[in-house]
file protein.tsv (TSV, C-alpha atoms)
chain	number	residue	atom	x	y	z
A	22	MET	CA	75.65	-22.40	-30.13
A	23	ILE	CA	72.89	-24.32	-28.38
A	24	ASN	CA	73.73	-24.76	-24.71
A	25	LYS	CA	77.32	-23.63	-25.05
A	26	ILE	CA	76.20	-20.89	-22.70
A	27	ASP	CA	73.59	-21.43	-20.05
A	28	PHE	CA	72.18	-18.65	-17.92
A	29	ARG	CA	70.85	-18.88	-14.40
A	30	LEU	CA	68.86	-16.10	-12.75
A	31	VAL	CA	68.67	-15.38	-9.03
A	32	LYS	CA	66.26	-12.55	-8.23
A	33	ASN	CA	65.51	-10.49	-5.18
A	34	ASP	CA	63.53	-7.25	-4.88
A	35	ARG	CA	66.51	-5.00	-5.73
A	36	PHE	CA	68.50	-6.86	-8.33
A	37	VAL	CA	68.94	-9.97	-10.42
A	38	ILE	CA	72.09	-12.06	-10.57
A	39	VAL	CA	72.61	-13.19	-14.16
A	40	GLU	CA	75.09	-16.02	-13.96
A	41	PHE	CA	76.45	-17.59	-17.11
A	42	ILE	CA	77.90	-21.08	-17.29
A	43	LEU	CA	80.05	-22.07	-20.27
A	44	SER	CA	79.93	-25.76	-21.08
A	45	GLU	CA	82.79	-25.36	-23.56
A	46	ASN	CA	85.03	-22.62	-24.86
A	47	ILE	CA	83.17	-20.01	-26.81
A	48	GLY	CA	84.44	-17.84	-29.63
A	49	PRO	CA	83.52	-14.30	-30.64
A	50	ASP	CA	81.21	-15.71	-33.34
A	51	ASP	CA	79.00	-17.15	-30.63
A	52	LEU	CA	78.01	-13.59	-29.65
A	53	LYS	CA	76.12	-13.27	-32.93
A	54	ALA	CA	73.48	-15.79	-31.93
A	55	LEU	CA	73.55	-15.22	-28.18
A	56	VAL	CA	70.22	-14.33	-26.59
A	57	PRO	CA	70.67	-13.68	-22.86
A	58	PRO	CA	67.65	-13.59	-20.51
A	59	ASN	CA	65.49	-10.65	-21.55
A	60	PRO	CA	64.93	-8.08	-18.77
A	61	ILE	CA	61.43	-7.21	-19.96
A	62	LYS	CA	60.22	-10.76	-20.51
A	63	GLU	CA	61.83	-11.87	-17.26
A	64	ASN	CA	60.48	-8.82	-15.43
A	65	PHE	CA	63.69	-7.25	-14.14
A	66	ALA	CA	63.99	-4.14	-16.33
A	67	GLN	CA	63.37	-2.00	-13.23
A	68	LYS	CA	66.08	-3.68	-11.17
A	69	GLY	CA	69.85	-3.81	-11.13
A	70	VAL	CA	71.75	-6.60	-12.86
A	71	ILE	CA	74.76	-8.39	-11.42
A	72	LEU	CA	76.76	-10.37	-13.96
A	73	SER	CA	78.65	-13.40	-12.75
A	74	GLY	CA	80.57	-16.22	-14.38
A	75	LYS	CA	83.94	-17.30	-15.71
A	76	GLY	CA	84.41	-16.11	-19.25
A	77	PRO	CA	86.28	-13.78	-21.57
A	78	ILE	CA	86.16	-10.01	-21.12
A	79	TRP	CA	84.35	-9.60	-24.44
A	80	LEU	CA	81.50	-11.79	-23.18
A	81	TYR	CA	81.19	-9.49	-20.18
A	82	GLY	CA	81.36	-6.51	-22.52
A	83	PHE	CA	78.54	-7.89	-24.64
A	84	LEU	CA	76.37	-8.56	-21.58
A	85	ILE	CA	77.11	-5.17	-20.01
A	86	HIS	CA	75.86	-3.52	-23.16
A	87	TYR	CA	72.92	-5.91	-23.46
A	88	TYR	CA	71.69	-4.93	-19.99
A	89	HIS	CA	72.49	-1.23	-20.19
A	90	ALA	CA	68.81	-0.20	-20.11
A	91	THR	CA	68.25	-1.72	-16.67
A	92	GLN	CA	68.69	0.34	-13.47
A	93	TRP	CA	72.34	-0.48	-13.04
A	94	VAL	CA	74.87	-3.12	-14.04
A	95	ALA	CA	77.56	-4.61	-11.82
A	96	THR	CA	80.10	-7.40	-12.26
A	97	TYR	CA	80.76	-9.90	-9.52
A	98	ASP	CA	84.35	-9.94	-8.28
A	99	PRO	CA	85.09	-13.00	-6.12
A	100	ARG	CA	88.14	-11.28	-4.62
A	101	LEU	CA	85.89	-8.56	-3.23
A	102	GLY	CA	83.01	-10.82	-2.21
A	103	GLY	CA	80.67	-8.47	-3.97
A	104	ALA	CA	79.74	-6.92	-7.28
A	105	VAL	CA	81.17	-3.65	-8.56
A	106	VAL	CA	78.72	-1.26	-10.22
A	107	VAL	CA	80.00	-0.19	-13.64
A	108	GLU	CA	77.06	1.94	-14.77
A	109	SER	CA	73.91	3.29	-13.14
A	110	HIS	CA	70.82	5.26	-14.11
A	111	VAL	CA	69.57	5.77	-10.57
A	112	THR	CA	70.70	8.42	-8.13
A	113	ASP	CA	71.38	6.26	-5.09
A	114	ILE	CA	73.81	3.87	-6.81
A	115	SER	CA	76.97	4.92	-8.63
A	116	ALA	CA	79.77	3.33	-10.60
A	117	GLY	CA	82.35	2.07	-8.13
A	118	ASP	CA	79.80	1.08	-5.48
A	119	ILE	CA	80.06	-2.47	-4.19
A	120	ILE	CA	76.90	-4.52	-3.90
A	121	SER	CA	77.43	-7.05	-1.14
A	122	LEU	CA	76.21	-10.56	-1.85
A	123	ASP	CA	76.43	-11.81	1.72
B	4	MET	CA	93.92	8.39	-7.83
B	5	ILE	CA	96.42	10.51	-9.65
B	6	ASN	CA	98.41	8.38	-12.05
B	7	LYS	CA	97.20	5.09	-10.66
B	8	ILE	CA	95.77	4.67	-14.13
B	9	ASP	CA	97.44	6.05	-17.20
B	10	PHE	CA	95.88	5.98	-20.64
B	11	ARG	CA	97.62	5.81	-23.96
B	12	LEU	CA	95.86	6.45	-27.26
B	13	VAL	CA	96.84	5.02	-30.64
B	14	LYS	CA	94.68	6.39	-33.45
B	15	ASN	CA	94.14	5.50	-37.06
B	16	ASP	CA	91.40	6.60	-39.43
B	17	ARG	CA	88.94	3.86	-38.37
B	18	PHE	CA	89.46	3.39	-34.66
B	19	VAL	CA	91.35	4.38	-31.55
B	20	ILE	CA	93.12	1.97	-29.24
B	21	VAL	CA	92.58	3.14	-25.66
B	22	GLU	CA	95.19	1.32	-23.62
B	23	PHE	CA	95.21	1.61	-19.86
B	24	ILE	CA	98.24	1.01	-17.69
B	25	LEU	CA	97.82	0.43	-13.96
B	26	SER	CA	100.81	1.52	-11.90
B	27	GLU	CA	99.35	-0.12	-8.81
B	28	ASN	CA	96.28	-2.12	-7.88
B	29	ILE	CA	93.10	-0.14	-8.12
B	30	GLY	CA	89.91	-0.55	-6.16
B	31	PRO	CA	86.29	0.03	-7.14
B	32	ASP	CA	86.41	3.43	-5.41
B	33	ASP	CA	88.90	4.61	-7.99
B	34	LEU	CA	86.15	4.48	-10.61
B	35	LYS	CA	84.45	7.43	-8.91
B	36	ALA	CA	87.20	9.85	-9.86
B	37	LEU	CA	88.30	8.20	-13.09
B	38	VAL	CA	88.25	10.40	-16.19
B	39	PRO	CA	89.28	8.41	-19.27
B	40	PRO	CA	90.24	10.19	-22.51
B	41	ASN	CA	87.17	12.02	-23.77
B	42	PRO	CA	86.08	10.97	-27.28
B	43	ILE	CA	84.82	14.43	-28.18
B	44	LYS	CA	87.81	16.38	-26.85
B	45	GLU	CA	90.20	13.84	-28.35
B	46	ASN	CA	88.26	13.78	-31.61
B	47	PHE	CA	87.36	10.10	-31.89
B	48	ALA	CA	83.60	10.15	-31.21
B	49	GLN	CA	83.04	9.12	-34.84
B	50	LYS	CA	85.40	6.16	-34.67
B	51	GLY	CA	85.48	2.76	-33.03
B	52	VAL	CA	87.21	2.23	-29.69
B	53	ILE	CA	89.40	-0.74	-28.85
B	54	LEU	CA	90.06	-1.20	-25.13
B	55	SER	CA	93.29	-2.83	-24.10
B	56	GLY	CA	95.10	-3.41	-20.83
B	57	LYS	CA	95.45	-5.73	-17.86
B	58	GLY	CA	92.85	-4.96	-15.26
B	59	PRO	CA	89.71	-6.14	-13.51
B	60	ILE	CA	86.52	-6.88	-15.41
B	61	TRP	CA	84.73	-4.00	-13.67
B	62	LEU	CA	87.28	-1.54	-15.05
B	63	TYR	CA	86.52	-2.88	-18.52
B	64	GLY	CA	82.82	-2.61	-17.74
B	65	PHE	CA	83.19	1.01	-16.70
B	66	LEU	CA	85.14	1.85	-19.86
B	67	ILE	CA	82.75	-0.03	-22.15
B	68	HIS	CA	79.92	2.05	-20.78
B	69	TYR	CA	81.99	5.24	-20.87
B	70	TYR	CA	82.63	4.81	-24.60
B	71	HIS	CA	79.19	3.50	-25.57
B	72	ALA	CA	78.36	6.61	-27.62
B	73	THR	CA	81.22	6.02	-30.06
B	74	GLN	CA	80.74	4.00	-33.27
B	75	TRP	CA	81.61	0.68	-31.71
B	76	VAL	CA	83.53	-0.73	-28.77
B	77	ALA	CA	85.80	-3.77	-28.81
B	78	THR	CA	88.08	-5.40	-26.26
B	79	TYR	CA	91.50	-6.63	-27.20
B	80	ASP	CA	92.03	-10.35	-26.62
B	81	PRO	CA	95.72	-11.33	-26.83
B	82	ARG	CA	94.78	-14.99	-27.39
B	83	LEU	CA	92.96	-13.99	-30.57
B	84	GLY	CA	95.49	-11.41	-31.74
B	85	GLY	CA	92.64	-8.99	-32.28
B	86	ALA	CA	89.83	-7.13	-30.64
B	87	VAL	CA	86.29	-8.48	-30.27
B	88	VAL	CA	83.45	-6.05	-30.94
B	89	VAL	CA	80.99	-6.05	-28.02
B	90	GLU	CA	78.62	-3.31	-29.22
B	91	SER	CA	78.16	-1.35	-32.43
B	92	HIS	CA	76.00	1.47	-33.76
B	93	VAL	CA	77.10	1.11	-37.37
B	94	THR	CA	75.76	-1.34	-39.92
B	95	ASP	CA	79.03	-2.78	-41.23
B	96	ILE	CA	80.39	-3.86	-37.83
B	97	SER	CA	78.59	-6.19	-35.41
B	98	ALA	CA	79.14	-7.66	-31.99
B	99	GLY	CA	81.31	-10.74	-32.37
B	100	ASP	CA	83.38	-9.31	-35.24
B	101	ILE	CA	87.13	-9.44	-34.75
B	102	ILE	CA	89.15	-6.34	-35.54
B	103	SER	CA	92.63	-7.44	-36.54
B	104	LEU	CA	95.50	-5.44	-35.09
B	105	ASP	CA	98.20	-6.83	-37.37
call {"tool": "encode", "arguments": {"input": "protein.tsv", "output": "structure tokens"}}
result
Amino acid sequence: MINKIDFRLVKNDRFVIVEFILSENIGPDDLKALVPPNPIKENFAQKGVILSGKGPIWLYGFLIHYYHATQWVATYDPRLGGAVVVESHVTDISAGDIISLD
Amino acid sequence: MINKIDFRLVKNDRFVIVEFILSENIGPDDLKALVPPNPIKENFAQKGVILSGKGPIWLYGFLIHYYHATQWVATYDPRLGGAVVVESHVTDISAGDIISLD
């Protein structure tokens, strides 16, 4: 597991981009030991989270659930040039909104 | 929105396969009016949910969140011939488990 998946954080005052980088193919078993950056320890529990990276849908699914207690979760879509909100607990951001990364 | 996304349910006693079929490309805005099959009305709130279909990651993200109150959620991966659990609220099924569809 070690270093099969690396995470990189880019923070601003509204959200954090959690980018994952796979150094080799991962399998479902790798989810069992995966510890993504912790929103409380890393001080972004009160922000939105944008997930970015090339990987299987189930890795995204795992991360979306992992971060579900943050303000909102979005997934970056390179075709749109932004991130699409998939869940939100705040009133001014809704699923389907696009967070521009320009 | 109407009929851009169709859903098909296949149920057994342990889980429900929620398959989506896109009749045309969808955009993030379509999430705002999307009403997937309701687990309570359709009587599968006490089962697992397997998501299946060809679509953008943010559609999967939306559906994973939508079904997060069921027993567990998995995403079908055709390369694995099964579905990978991404979140679970029951003790005998964990994230990373593969649910065989054979």
call {"tool": "interface_residues", "arguments": {"input": "protein.tsv", "of": "chain A", "to": "chain B", "cutoff": "10 Å", "atoms": "all atoms listed in the file", "output": "mmCIF file with C-alpha atoms, in the coordinates of the input"}}
result
data_model
loop_
_atom_site.group_PDB
_atom_site.id
_atom_site.type_symbol
_atom_site.label_atom_id
_atom_site.label_comp_id
_atom_site.auth_asym_id
_atom_site.auth_seq_id
_atom_site.Cartn_x
_atom_site.Cartn_y
_atom_site.Cartn_z
ATOM 1 C CA GLY A 48 84.440 -17.840 -29.630
ATOM 2 C CA PRO A 49 83.520 -14.300 -30.640
ATOM 3 C CA ASP A 50 81.210 -15.710 -33.340
ATOM 4 C CA ASP A 51 79.000 -17.150 -30.630
ATOM 5 C CA LEU A 52 78.010 -13.590 -29.650
ATOM 6 C CA LYS A 53 76.120 -13.270 -32.930
ATOM 7 C CA ALA A 54 73.480 -15.790 -31.930
ATOM 8 C CA LEU A 55 73.550 -15.220 -28.180
ATOM 9 C CA PRO A 77 86.280 -13.780 -21.570
ATOM 10 C CA ILE A 78 86.160 -10.010 -21.120
ATOM 11 C CA TRP A 79 84.350 -9.600 -24.440
ATOM 12 C CA LEU A 80 81.500 -11.790 -23.180
ATOM 13 C CA TYR A 81 81.190 -9.490 -20.180
ATOM 14 C CA GLY A 82 81.360 -6.510 -22.520
ATOM 15 C CA PHE A 83 78.540 -7.890 -24.640
ATOM 16 C CA LEU A 84 76.370 -8.560 -21.580
ATOM 17 C CA ILE A 85 77.110 -5.170 -20.010
ATOM 18 C CA HIS A 86 75.860 -3.520 -23.160
ATOM 19 C CA TYR A 87 72.920 -5.910 -23.460
ATOM 20 C CA HIS A 89 72.490 -1.230 -20.190
ATOM 21 C CA VAL A 94 74.870 -3.120 -14.040
ATOM 22 C CA ALA A 95 77.560 -4.610 -11.820
ATOM 23 C CA THR A 96 80.100 -7.400 -12.260
ATOM 24 C CA TYR A 97 80.760 -9.900 -9.520
ATOM 25 C CA ASP A 98 84.350 -9.940 -8.280
ATOM 26 C CA LEU A 101 85.890 -8.560 -3.230
ATOM 27 C CA ALA A 104 79.740 -6.920 -7.280
ATOM 28 C CA VAL A 105 81.170 -3.650 -8.560
ATOM 29 C CA VAL A 106 78.720 -1.260 -10.220
ATOM 30 C CA VAL A 107 80.000 -0.190 -13.640
ATOM 31 C CA GLU A 108 77.060 1.940 -14.770
ATOM 32 C CA SER A 109 73.910 3.290 -13.140
ATOM 33 C CA SER A 115 76.970 4.920 -8.630
ATOM 34 C CA ALA A 116 79.770 3.330 -10.600
ATOM 35 C CA GLY A 117 82.350 2.070 -8.130
ATOM 36 C CA ASP A 118 79.800 1.080 -5.480
ATOM 37 C CA ILE A 119 80.060 -2.470 -4.190
#
call {"tool": "residues_around", "arguments": {"input": "protein.tsv", "residues": "Pro58 in chain A", "least_positions_apart": "3", "cutoff": "9 Å", "atoms": "only C-alpha atoms", "output": "list in words"}}
result
Phe28, Arg29, Leu30, Val39, Ile61, Lys62 and Glu63 of chain A
call {"tool": "closest_residue", "arguments": {"input": "protein.tsv", "among": "A:Ser73, A:Phe36, A:Asn46, A:Thr91", "to": "Asn59 in chain A", "atoms": "all atoms listed in the file"}}
result
A:Thr91
call {"tool": "residues_around", "arguments": {"input": "protein.tsv", "residues": "Lys14 in chain B", "least_positions_apart": "4", "cutoff": "12 Å", "atoms": "only C-alpha atoms", "output": "ChimeraX atom specification"}}
result
/B:18-22,42,45-48,50-53,104
call {"tool": "atom_distance", "arguments": {"input": "protein.tsv", "atom1": "CA of Leu72 in chain A", "atom2": "CA of Ile29 in chain B"}}
result
20.1 Å
call {"tool": "closest_residue", "arguments": {"input": "protein.tsv", "among": "A:Val31, A:Ala90, A:Pro99, A:Asp123", "to": "Val111 in chain A", "atoms": "all atoms listed in the file"}}
result
A:Ala90
call {"tool": "atom_distance", "arguments": {"input": "protein.tsv", "atom1": "CA of Tyr88 in chain A", "atom2": "CA of Gly103 in chain A"}}
result
18.7 Å
call {"tool": "atom_distance", "arguments": {"input": "protein.tsv", "atom1": "CA of Trp93 in chain A", "atom2": "CA of Asp113 in chain A"}}
result
10.5 Å
call {"tool": "closest_residue", "arguments": {"input": "protein.tsv", "among": "B:Asp9, B:Gln49, B:Ser103, B:Arg82", "to": "Leu25 in chain B", "atoms": "only C-alpha atoms"}}
result
B:Asp9
call {"tool": "residues_near_point", "arguments": {"input": "protein.tsv", "point": "(96.0, -0.6, -14.9)", "cutoff": "7 Å", "atoms": "all atoms listed in the file", "output": "list in words"}}
result
Ile8, Phe23, Ile24, Leu25, Ser26, Glu27, Gly56, Lys57 and Gly58 of chain B
